[in-house]
Every structure is written in structure tokens, then in C-alpha cells.
Amino acid sequence: MAETQKNNPLHGITLEKIVTDLQVHYGWEKLGALIRIDCFTNNQSIKSSLNFLRRMPWARKKVEDLFLDTFHK
């Protein structure tokens with residue numbers, strides 16, 4: 001199993017850490033401008049963001065891609 005994850009840069013990083021790091025780095029306003037989803041523009045909290053992202057794979061992918069572009073260049 002570890003062999004399949006060796007090239008995954010997100011392996012071992014929780015969704016909560018991803019959202020928290022992006023929020024600290026960009027702030028809610030900038031994060032909402034970069035990724036146009038309601039949980040970043042209106043109901044701004046880590047908890048509401050996690051609930052939404054866990055239900056919507058397309059939004060989670062956008063957040064993970066932004067995280068990789070921001071912190072893993």
C-alpha cells in the first residue's frame with residue numbers, strides 16, 4: 001500500500017490542514033476569490049468548509065490543487 005502513495009504529495013496531509021494552511025496564507029477573502037465556492041465567501045469557517053469539501057469532490061480537487069501550487073512548487 002505504501003508503494004502506491006510514494007508519489008502522492010498529499011499523502012499524510014489532512015483536509016483540515018490543507019484548508020487551515022490556505023486560510024492562514026490567503027485569508028478568507030482572497031481564498032474565496034481564488035476558488036469561487038460559498039463556504040469561502042459566505043459561511044466562512046473551517047468546519048463548514050470541511051463539511052462541504054468532503055461532499056463535493058470537484059471542490060476538494062480545486063482546493064488540493066491550490067494547496068499544491070501554493071506550498072509544493
# chains A, B, ... in the order shown; residues from 1 in each chain; ligands from 1
>>> residues_around(residues="stretch 63-67 of chain A", least_positions_apart="4", cutoff="9 Å", atoms="only C-alpha atoms", output="mmCIF file with N, CA, C and O atoms, in the first residue's frame")
data_model
loop_
_atom_site.group_PDB
_atom_site.id
_atom_site.type_symbol
_atom_site.label_atom_id
_atom_site.label_comp_id
_atom_site.auth_asym_id
_atom_site.auth_seq_id
_atom_site.Cartn_x
_atom_site.Cartn_y
_atom_site.Cartn_z
ATOM 1 N N LEU A 10 0.201 14.708 -1.379
ATOM 2 C CA LEU A 10 -0.795 14.972 -0.335
ATOM 3 C C LEU A 10 -0.914 13.839 0.671
ATOM 4 O O LEU A 10 -1.677 13.942 1.631
ATOM 5 N N LEU A 15 -7.303 17.000 5.194
ATOM 6 C CA LEU A 15 -8.060 18.071 4.549
ATOM 7 C C LEU A 15 -8.143 19.290 5.473
ATOM 8 O O LEU A 15 -8.064 20.426 5.015
ATOM 9 N N ILE A 18 -4.989 21.243 5.112
ATOM 10 C CA ILE A 18 -4.965 21.927 3.821
ATOM 11 C C ILE A 18 -5.786 23.215 3.882
ATOM 12 O O ILE A 18 -5.300 24.290 3.520
ATOM 13 N N VAL A 19 -7.015 23.110 4.364
ATOM 14 C CA VAL A 19 -7.898 24.282 4.436
ATOM 15 C C VAL A 19 -7.343 25.319 5.409
ATOM 16 O O VAL A 19 -7.327 26.518 5.113
ATOM 17 N N ASP A 21 -4.171 25.807 6.382
ATOM 18 C CA ASP A 21 -2.968 26.436 5.829
ATOM 19 C C ASP A 21 -3.313 27.444 4.742
ATOM 20 O O ASP A 21 -2.727 28.531 4.679
ATOM 21 N N LEU A 22 -4.265 27.098 3.873
ATOM 22 C CA LEU A 22 -4.668 28.031 2.820
ATOM 23 C C LEU A 22 -5.343 29.264 3.406
ATOM 24 O O LEU A 22 -5.095 30.389 2.956
ATOM 25 N N LEU A 34 -10.073 33.171 -5.232
ATOM 26 C CA LEU A 34 -9.327 32.161 -5.986
ATOM 27 C C LEU A 34 -10.175 30.946 -6.320
ATOM 28 O O LEU A 34 -10.077 30.378 -7.413
ATOM 29 N N ILE A 35 -10.994 30.527 -5.363
ATOM 30 C CA ILE A 35 -11.872 29.373 -5.549
ATOM 31 C C ILE A 35 -13.285 29.826 -5.185
ATOM 32 O O ILE A 35 -13.585 30.035 -4.018
ATOM 33 N N LEU A 53 -16.437 20.379 1.438
ATOM 34 C CA LEU A 53 -15.400 19.751 0.617
ATOM 35 C C LEU A 53 -15.442 18.228 0.683
ATOM 36 O O LEU A 53 -15.092 17.557 -0.285
ATOM 37 N N TRP A 58 -15.316 17.672 -6.663
ATOM 38 C CA TRP A 58 -14.797 18.669 -7.600
ATOM 39 C C TRP A 58 -14.215 19.876 -6.852
ATOM 40 O O TRP A 58 -13.186 20.420 -7.248
ATOM 41 N N ALA A 59 -14.865 20.286 -5.763
ATOM 42 C CA ALA A 59 -14.374 21.421 -4.973
ATOM 43 C C ALA A 59 -13.120 21.025 -4.205
ATOM 44 O O ALA A 59 -12.167 21.803 -4.107
ATOM 45 N N PHE A 71 2.147 25.603 -1.910
ATOM 46 C CA PHE A 71 3.138 25.151 -0.933
ATOM 47 C C PHE A 71 4.117 24.100 -1.438
ATOM 48 O O PHE A 71 5.067 23.780 -0.742
ATOM 49 N N HIS A 72 3.909 23.551 -2.632
ATOM 50 C CA HIS A 72 4.777 22.464 -3.105
ATOM 51 C C HIS A 72 5.289 22.729 -4.517
ATOM 52 O O HIS A 72 5.144 21.894 -5.403
#
>>> select_by_dssp(residues="stretch 8-54 of chain A", states="helix (DSSP H, G or I)", output="PyMOL selection string")
chain A and resi 15-34+38-41+46-54
>>> write_last_selection(atoms="N, CA and C atoms", output="mmCIF file, in the first residue's frame")
data_model
loop_
_atom_site.group_PDB
_atom_site.id
_atom_site.type_symbol
_atom_site.label_atom_id
_atom_site.label_comp_id
_atom_site.auth_asym_id
_atom_site.auth_seq_id
_atom_site.Cartn_x
_atom_site.Cartn_y
_atom_site.Cartn_z
ATOM 1 N N LEU A 15 -7.303 17.000 5.194
ATOM 2 C CA LEU A 15 -8.060 18.071 4.549
ATOM 3 C C LEU A 15 -8.143 19.290 5.473
ATOM 4 N N GLU A 16 -8.256 19.045 6.760
ATOM 5 C CA GLU A 16 -8.302 20.157 7.722
ATOM 6 C C GLU A 16 -7.019 20.978 7.677
ATOM 7 N N LYS A 17 -5.873 20.318 7.588
ATOM 8 C CA LYS A 17 -4.599 21.037 7.497
ATOM 9 C C LYS A 17 -4.511 21.835 6.198
ATOM 10 N N ILE A 18 -4.989 21.243 5.112
ATOM 11 C CA ILE A 18 -4.965 21.927 3.821
ATOM 12 C C ILE A 18 -5.786 23.215 3.882
ATOM 13 N N VAL A 19 -7.015 23.110 4.364
ATOM 14 C CA VAL A 19 -7.898 24.282 4.436
ATOM 15 C C VAL A 19 -7.343 25.319 5.409
ATOM 16 N N THR A 20 -6.858 24.868 6.555
ATOM 17 C CA THR A 20 -6.308 25.798 7.549
ATOM 18 C C THR A 20 -5.086 26.529 7.007
ATOM 19 N N ASP A 21 -4.171 25.807 6.382
ATOM 20 C CA ASP A 21 -2.968 26.436 5.829
ATOM 21 C C ASP A 21 -3.313 27.444 4.742
ATOM 22 N N LEU A 22 -4.265 27.098 3.873
ATOM 23 C CA LEU A 22 -4.668 28.031 2.820
ATOM 24 C C LEU A 22 -5.343 29.264 3.406
ATOM 25 N N GLN A 23 -6.173 29.064 4.424
ATOM 26 C CA GLN A 23 -6.861 30.202 5.043
ATOM 27 C C GLN A 23 -5.870 31.136 5.724
ATOM 28 N N VAL A 24 -4.892 30.580 6.396
ATOM 29 C CA VAL A 24 -3.882 31.404 7.064
ATOM 30 C C VAL A 24 -3.042 32.152 6.018
ATOM 31 N N HIS A 25 -2.698 31.465 4.951
ATOM 32 C CA HIS A 25 -1.845 32.057 3.918
ATOM 33 C C HIS A 25 -2.568 33.152 3.129
ATOM 34 N N TYR A 26 -3.798 32.873 2.690
ATOM 35 C CA TYR A 26 -4.524 33.796 1.818
ATOM 36 C C TYR A 26 -5.562 34.648 2.541
ATOM 37 N N GLY A 27 -6.157 34.123 3.602
ATOM 38 C CA GLY A 27 -7.307 34.780 4.228
ATOM 39 C C GLY A 27 -8.568 34.377 3.482
ATOM 40 N N TRP A 28 -9.726 34.522 4.130
ATOM 41 C CA TRP A 28 -10.984 34.078 3.530
ATOM 42 C C TRP A 28 -11.305 34.830 2.247
ATOM 43 N N GLU A 29 -11.083 36.151 2.241
ATOM 44 C CA GLU A 29 -11.467 36.963 1.078
ATOM 45 C C GLU A 29 -10.705 36.538 -0.173
ATOM 46 N N LYS A 30 -9.410 36.424 -0.068
ATOM 47 C CA LYS A 30 -8.579 36.030 -1.208
ATOM 48 C C LYS A 30 -8.864 34.573 -1.601
ATOM 49 N N LEU A 31 -9.039 33.715 -0.624
ATOM 50 C CA LEU A 31 -9.341 32.308 -0.891
ATOM 51 C C LEU A 31 -10.667 32.185 -1.645
ATOM 52 N N GLY A 32 -11.661 32.978 -1.246
ATOM 53 C CA GLY A 32 -12.942 32.995 -1.940
ATOM 54 C C GLY A 32 -12.843 33.530 -3.352
ATOM 55 N N ALA A 33 -11.902 34.439 -3.587
ATOM 56 C CA ALA A 33 -11.693 34.962 -4.942
ATOM 57 C C ALA A 33 -10.981 33.930 -5.822
ATOM 58 N N LEU A 34 -10.073 33.171 -5.232
ATOM 59 C CA LEU A 34 -9.327 32.161 -5.986
ATOM 60 C C LEU A 34 -10.175 30.946 -6.320
ATOM 61 N N ASP A 38 -19.109 28.812 -1.998
ATOM 62 C CA ASP A 38 -19.834 29.539 -0.966
ATOM 63 C C ASP A 38 -19.186 29.449 0.416
ATOM 64 N N CYS A 39 -18.613 28.305 0.741
ATOM 65 C CA CYS A 39 -18.057 28.153 2.092
ATOM 66 C C CYS A 39 -16.822 29.040 2.315
ATOM 67 N N PHE A 40 -16.246 29.588 1.234
ATOM 68 C CA PHE A 40 -15.122 30.511 1.375
ATOM 69 C C PHE A 40 -15.568 31.973 1.307
ATOM 70 N N THR A 41 -16.783 32.214 0.830
ATOM 71 C CA THR A 41 -17.223 33.598 0.666
ATOM 72 C C THR A 41 -18.304 34.016 1.658
ATOM 73 N N ILE A 46 -13.701 26.912 9.140
ATOM 74 C CA ILE A 46 -13.012 25.670 8.769
ATOM 75 C C ILE A 46 -14.020 24.524 8.771
ATOM 76 N N LYS A 47 -14.879 24.481 9.779
ATOM 77 C CA LYS A 47 -15.835 23.386 9.904
ATOM 78 C C LYS A 47 -16.796 23.332 8.716
ATOM 79 N N SER A 48 -17.369 24.459 8.320
ATOM 80 C CA SER A 48 -18.302 24.452 7.189
ATOM 81 C C SER A 48 -17.575 24.117 5.891
ATOM 82 N N SER A 49 -16.353 24.582 5.768
ATOM 83 C CA SER A 49 -15.560 24.271 4.575
ATOM 84 C C SER A 49 -15.283 22.779 4.484
ATOM 85 N N LEU A 50 -14.907 22.166 5.588
ATOM 86 C CA LEU A 50 -14.630 20.733 5.597
ATOM 87 C C LEU A 50 -15.882 19.931 5.255
ATOM 88 N N ASN A 51 -17.022 20.312 5.818
ATOM 89 C CA ASN A 51 -18.273 19.615 5.508
ATOM 90 C C ASN A 51 -18.578 19.675 4.019
ATOM 91 N N PHE A 52 -18.432 20.842 3.428
ATOM 92 C CA PHE A 52 -18.715 21.000 2.006
ATOM 93 C C PHE A 52 -17.717 20.226 1.152
ATOM 94 N N LEU A 53 -16.437 20.379 1.438
ATOM 95 C CA LEU A 53 -15.400 19.751 0.617
ATOM 96 C C LEU A 53 -15.442 18.228 0.683
ATOM 97 N N ARG A 54 -15.876 17.683 1.795
ATOM 98 C CA ARG A 54 -15.983 16.224 1.912
ATOM 99 C C ARG A 54 -17.140 15.672 1.078
#
>>> closest_residue(among="A:Asn43, A:Ile37, A:Gly12, A:Asn7", to="A:Arg60", atoms="only C-alpha atoms")
A:Ile37
>>> closest_residue(among="A:Arg36, A:Ser45, A:Asn8, A:Met56", to="A:Leu68", atoms="only C-alpha atoms")
A:Asn8
>>> decode(residues="stretch 58-72 of chain A", atoms="all heavy atoms", output="mmCIF file, in the first residue's frame")
data_model
loop_
_atom_site.group_PDB
_atom_site.id
_atom_site.type_symbol
_atom_site.label_atom_id
_atom_site.label_comp_id
_atom_site.auth_asym_id
_atom_site.auth_seq_id
_atom_site.Cartn_x
_atom_site.Cartn_y
_atom_site.Cartn_z
ATOM 1 N N TRP A 58 -15.316 17.672 -6.663
ATOM 2 C CA TRP A 58 -14.797 18.669 -7.600
ATOM 3 C C TRP A 58 -14.215 19.876 -6.852
ATOM 4 O O TRP A 58 -13.186 20.420 -7.248
ATOM 5 C CB TRP A 58 -15.881 19.121 -8.584
ATOM 6 C CG TRP A 58 -17.059 19.769 -7.926
ATOM 7 C CD1 TRP A 58 -18.212 19.160 -7.524
ATOM 8 C CD2 TRP A 58 -17.195 21.156 -7.568
ATOM 9 N NE1 TRP A 58 -19.062 20.074 -6.936
ATOM 10 C CE2 TRP A 58 -18.465 21.312 -6.959
ATOM 11 C CE3 TRP A 58 -16.378 22.271 -7.700
ATOM 12 C CZ2 TRP A 58 -18.919 22.534 -6.492
ATOM 13 C CZ3 TRP A 58 -16.837 23.494 -7.234
ATOM 14 C CH2 TRP A 58 -18.087 23.617 -6.637
ATOM 15 N N ALA A 59 -14.865 20.286 -5.763
ATOM 16 C CA ALA A 59 -14.374 21.421 -4.973
ATOM 17 C C ALA A 59 -13.120 21.025 -4.205
ATOM 18 O O ALA A 59 -12.167 21.803 -4.107
ATOM 19 C CB ALA A 59 -15.458 21.905 -4.017
ATOM 20 N N ARG A 60 -13.120 19.823 -3.666
ATOM 21 C CA ARG A 60 -11.942 19.334 -2.933
ATOM 22 C C ARG A 60 -10.720 19.310 -3.849
ATOM 23 O O ARG A 60 -9.633 19.706 -3.463
ATOM 24 C CB ARG A 60 -12.218 17.949 -2.364
ATOM 25 C CG ARG A 60 -11.053 17.415 -1.556
ATOM 26 C CD ARG A 60 -11.357 16.062 -0.969
ATOM 27 N NE ARG A 60 -10.238 15.608 -0.170
ATOM 28 C CZ ARG A 60 -10.355 14.890 0.919
ATOM 29 N NH1 ARG A 60 -11.540 14.532 1.354
ATOM 30 N NH2 ARG A 60 -9.291 14.512 1.591
ATOM 31 N N LYS A 61 -10.919 18.874 -5.095
ATOM 32 C CA LYS A 61 -9.811 18.830 -6.063
ATOM 33 C C LYS A 61 -9.245 20.227 -6.295
ATOM 34 O O LYS A 61 -8.028 20.412 -6.338
ATOM 35 C CB LYS A 61 -10.312 18.218 -7.374
ATOM 36 C CG LYS A 61 -9.347 18.305 -8.521
ATOM 37 C CD LYS A 61 -8.566 17.037 -8.674
ATOM 38 C CE LYS A 61 -7.764 17.010 -9.950
ATOM 39 N NZ LYS A 61 -6.457 17.611 -9.838
ATOM 40 N N LYS A 62 -10.112 21.222 -6.427
ATOM 41 C CA LYS A 62 -9.645 22.603 -6.621
ATOM 42 C C LYS A 62 -8.824 23.080 -5.419
ATOM 43 O O LYS A 62 -7.792 23.730 -5.582
ATOM 44 C CB LYS A 62 -10.830 23.541 -6.852
ATOM 45 C CG LYS A 62 -11.464 23.378 -8.197
ATOM 46 C CD LYS A 62 -12.563 24.388 -8.393
ATOM 47 C CE LYS A 62 -13.134 24.255 -9.787
ATOM 48 N NZ LYS A 62 -13.892 25.415 -10.184
ATOM 49 N N VAL A 63 -9.289 22.752 -4.226
ATOM 50 C CA VAL A 63 -8.586 23.161 -3.002
ATOM 51 C C VAL A 63 -7.237 22.447 -2.904
ATOM 52 O O VAL A 63 -6.223 23.073 -2.593
ATOM 53 C CB VAL A 63 -9.460 22.903 -1.757
ATOM 54 C CG1 VAL A 63 -8.676 23.083 -0.478
ATOM 55 C CG2 VAL A 63 -10.675 23.825 -1.772
ATOM 56 N N GLU A 64 -7.222 21.154 -3.182
ATOM 57 C CA GLU A 64 -5.960 20.396 -3.142
ATOM 58 C C GLU A 64 -4.982 20.917 -4.191
ATOM 59 O O GLU A 64 -3.785 21.047 -3.917
ATOM 60 C CB GLU A 64 -6.229 18.909 -3.355
ATOM 61 C CG GLU A 64 -6.908 18.253 -2.167
ATOM 62 C CD GLU A 64 -7.346 16.826 -2.427
ATOM 63 O OE1 GLU A 64 -7.379 16.391 -3.605
ATOM 64 O OE2 GLU A 64 -7.649 16.124 -1.443
ATOM 65 N N ASP A 65 -5.461 21.237 -5.382
ATOM 66 C CA ASP A 65 -4.588 21.778 -6.430
ATOM 67 C C ASP A 65 -4.001 23.131 -6.016
ATOM 68 O O ASP A 65 -2.818 23.387 -6.238
ATOM 69 C CB ASP A 65 -5.344 21.913 -7.750
ATOM 70 C CG ASP A 65 -5.664 20.568 -8.390
ATOM 71 O OD1 ASP A 65 -5.083 19.535 -7.966
ATOM 72 O OD2 ASP A 65 -6.495 20.543 -9.317
ATOM 73 N N LEU A 66 -4.817 23.991 -5.420
ATOM 74 C CA LEU A 66 -4.319 25.281 -4.949
ATOM 75 C C LEU A 66 -3.271 25.082 -3.854
ATOM 76 O O LEU A 66 -2.244 25.765 -3.837
ATOM 77 C CB LEU A 66 -5.464 26.158 -4.433
ATOM 78 C CG LEU A 66 -5.050 27.525 -3.888
ATOM 79 C CD1 LEU A 66 -4.378 28.368 -4.965
ATOM 80 C CD2 LEU A 66 -6.260 28.254 -3.306
ATOM 81 N N PHE A 67 -3.516 24.150 -2.956
ATOM 82 C CA PHE A 67 -2.560 23.845 -1.894
ATOM 83 C C PHE A 67 -1.217 23.415 -2.488
ATOM 84 O O PHE A 67 -0.156 23.907 -2.074
ATOM 85 C CB PHE A 67 -3.120 22.745 -0.989
ATOM 86 C CG PHE A 67 -2.212 22.363 0.151
ATOM 87 C CD1 PHE A 67 -2.170 23.115 1.303
ATOM 88 C CD2 PHE A 67 -1.389 21.244 0.068
ATOM 89 C CE1 PHE A 67 -1.337 22.764 2.366
ATOM 90 C CE2 PHE A 67 -0.563 20.886 1.109
ATOM 91 C CZ PHE A 67 -0.528 21.644 2.269
ATOM 92 N N LEU A 68 -1.264 22.520 -3.463
ATOM 93 C CA LEU A 68 -0.024 22.056 -4.094
ATOM 94 C C LEU A 68 0.686 23.177 -4.837
ATOM 95 O O LEU A 68 1.900 23.325 -4.735
ATOM 96 C CB LEU A 68 -0.313 20.895 -5.046
ATOM 97 C CG LEU A 68 -0.727 19.590 -4.379
ATOM 98 C CD1 LEU A 68 -1.127 18.562 -5.432
ATOM 99 C CD2 LEU A 68 0.378 19.048 -3.490
ATOM 100 N N ASP A 69 -0.075 24.008 -5.553
ATOM 101 C CA ASP A 69 0.525 25.127 -6.271
ATOM 102 C C ASP A 69 1.143 26.143 -5.319
ATOM 103 O O ASP A 69 2.160 26.759 -5.628
ATOM 104 C CB ASP A 69 -0.525 25.844 -7.135
ATOM 105 C CG ASP A 69 -0.947 25.027 -8.345
ATOM 106 O OD1 ASP A 69 -0.219 24.054 -8.693
ATOM 107 O OD2 ASP A 69 -1.987 25.348 -8.940
ATOM 108 N N THR A 70 0.526 26.316 -4.167
ATOM 109 C CA THR A 70 0.995 27.310 -3.200
ATOM 110 C C THR A 70 2.190 26.834 -2.379
ATOM 111 O O THR A 70 3.162 27.569 -2.206
ATOM 112 C CB THR A 70 -0.153 27.687 -2.238
ATOM 113 O OG1 THR A 70 -1.256 28.171 -3.002
ATOM 114 C CG2 THR A 70 0.290 28.760 -1.248
ATOM 115 N N PHE A 71 2.147 25.603 -1.910
ATOM 116 C CA PHE A 71 3.138 25.151 -0.933
ATOM 117 C C PHE A 71 4.117 24.100 -1.438
ATOM 118 O O PHE A 71 5.067 23.780 -0.742
ATOM 119 C CB PHE A 71 2.432 24.608 0.321
ATOM 120 C CG PHE A 71 1.618 25.649 1.025
ATOM 121 C CD1 PHE A 71 0.231 25.561 1.039
ATOM 122 C CD2 PHE A 71 2.226 26.708 1.685
ATOM 123 C CE1 PHE A 71 -0.529 26.525 1.701
ATOM 124 C CE2 PHE A 71 1.471 27.661 2.352
ATOM 125 C CZ PHE A 71 0.095 27.570 2.349
ATOM 126 N N HIS A 72 3.909 23.551 -2.632
ATOM 127 C CA HIS A 72 4.777 22.464 -3.105
ATOM 128 C C HIS A 72 5.289 22.729 -4.517
ATOM 129 O O HIS A 72 5.144 21.894 -5.403
ATOM 130 C CB HIS A 72 4.021 21.126 -3.075
ATOM 131 C CG HIS A 72 3.736 20.660 -1.698
ATOM 132 N ND1 HIS A 72 4.657 20.001 -0.936
ATOM 133 C CD2 HIS A 72 2.628 20.795 -0.922
ATOM 134 C CE1 HIS A 72 4.135 19.734 0.234
ATOM 135 N NE2 HIS A 72 2.903 20.216 0.281
#
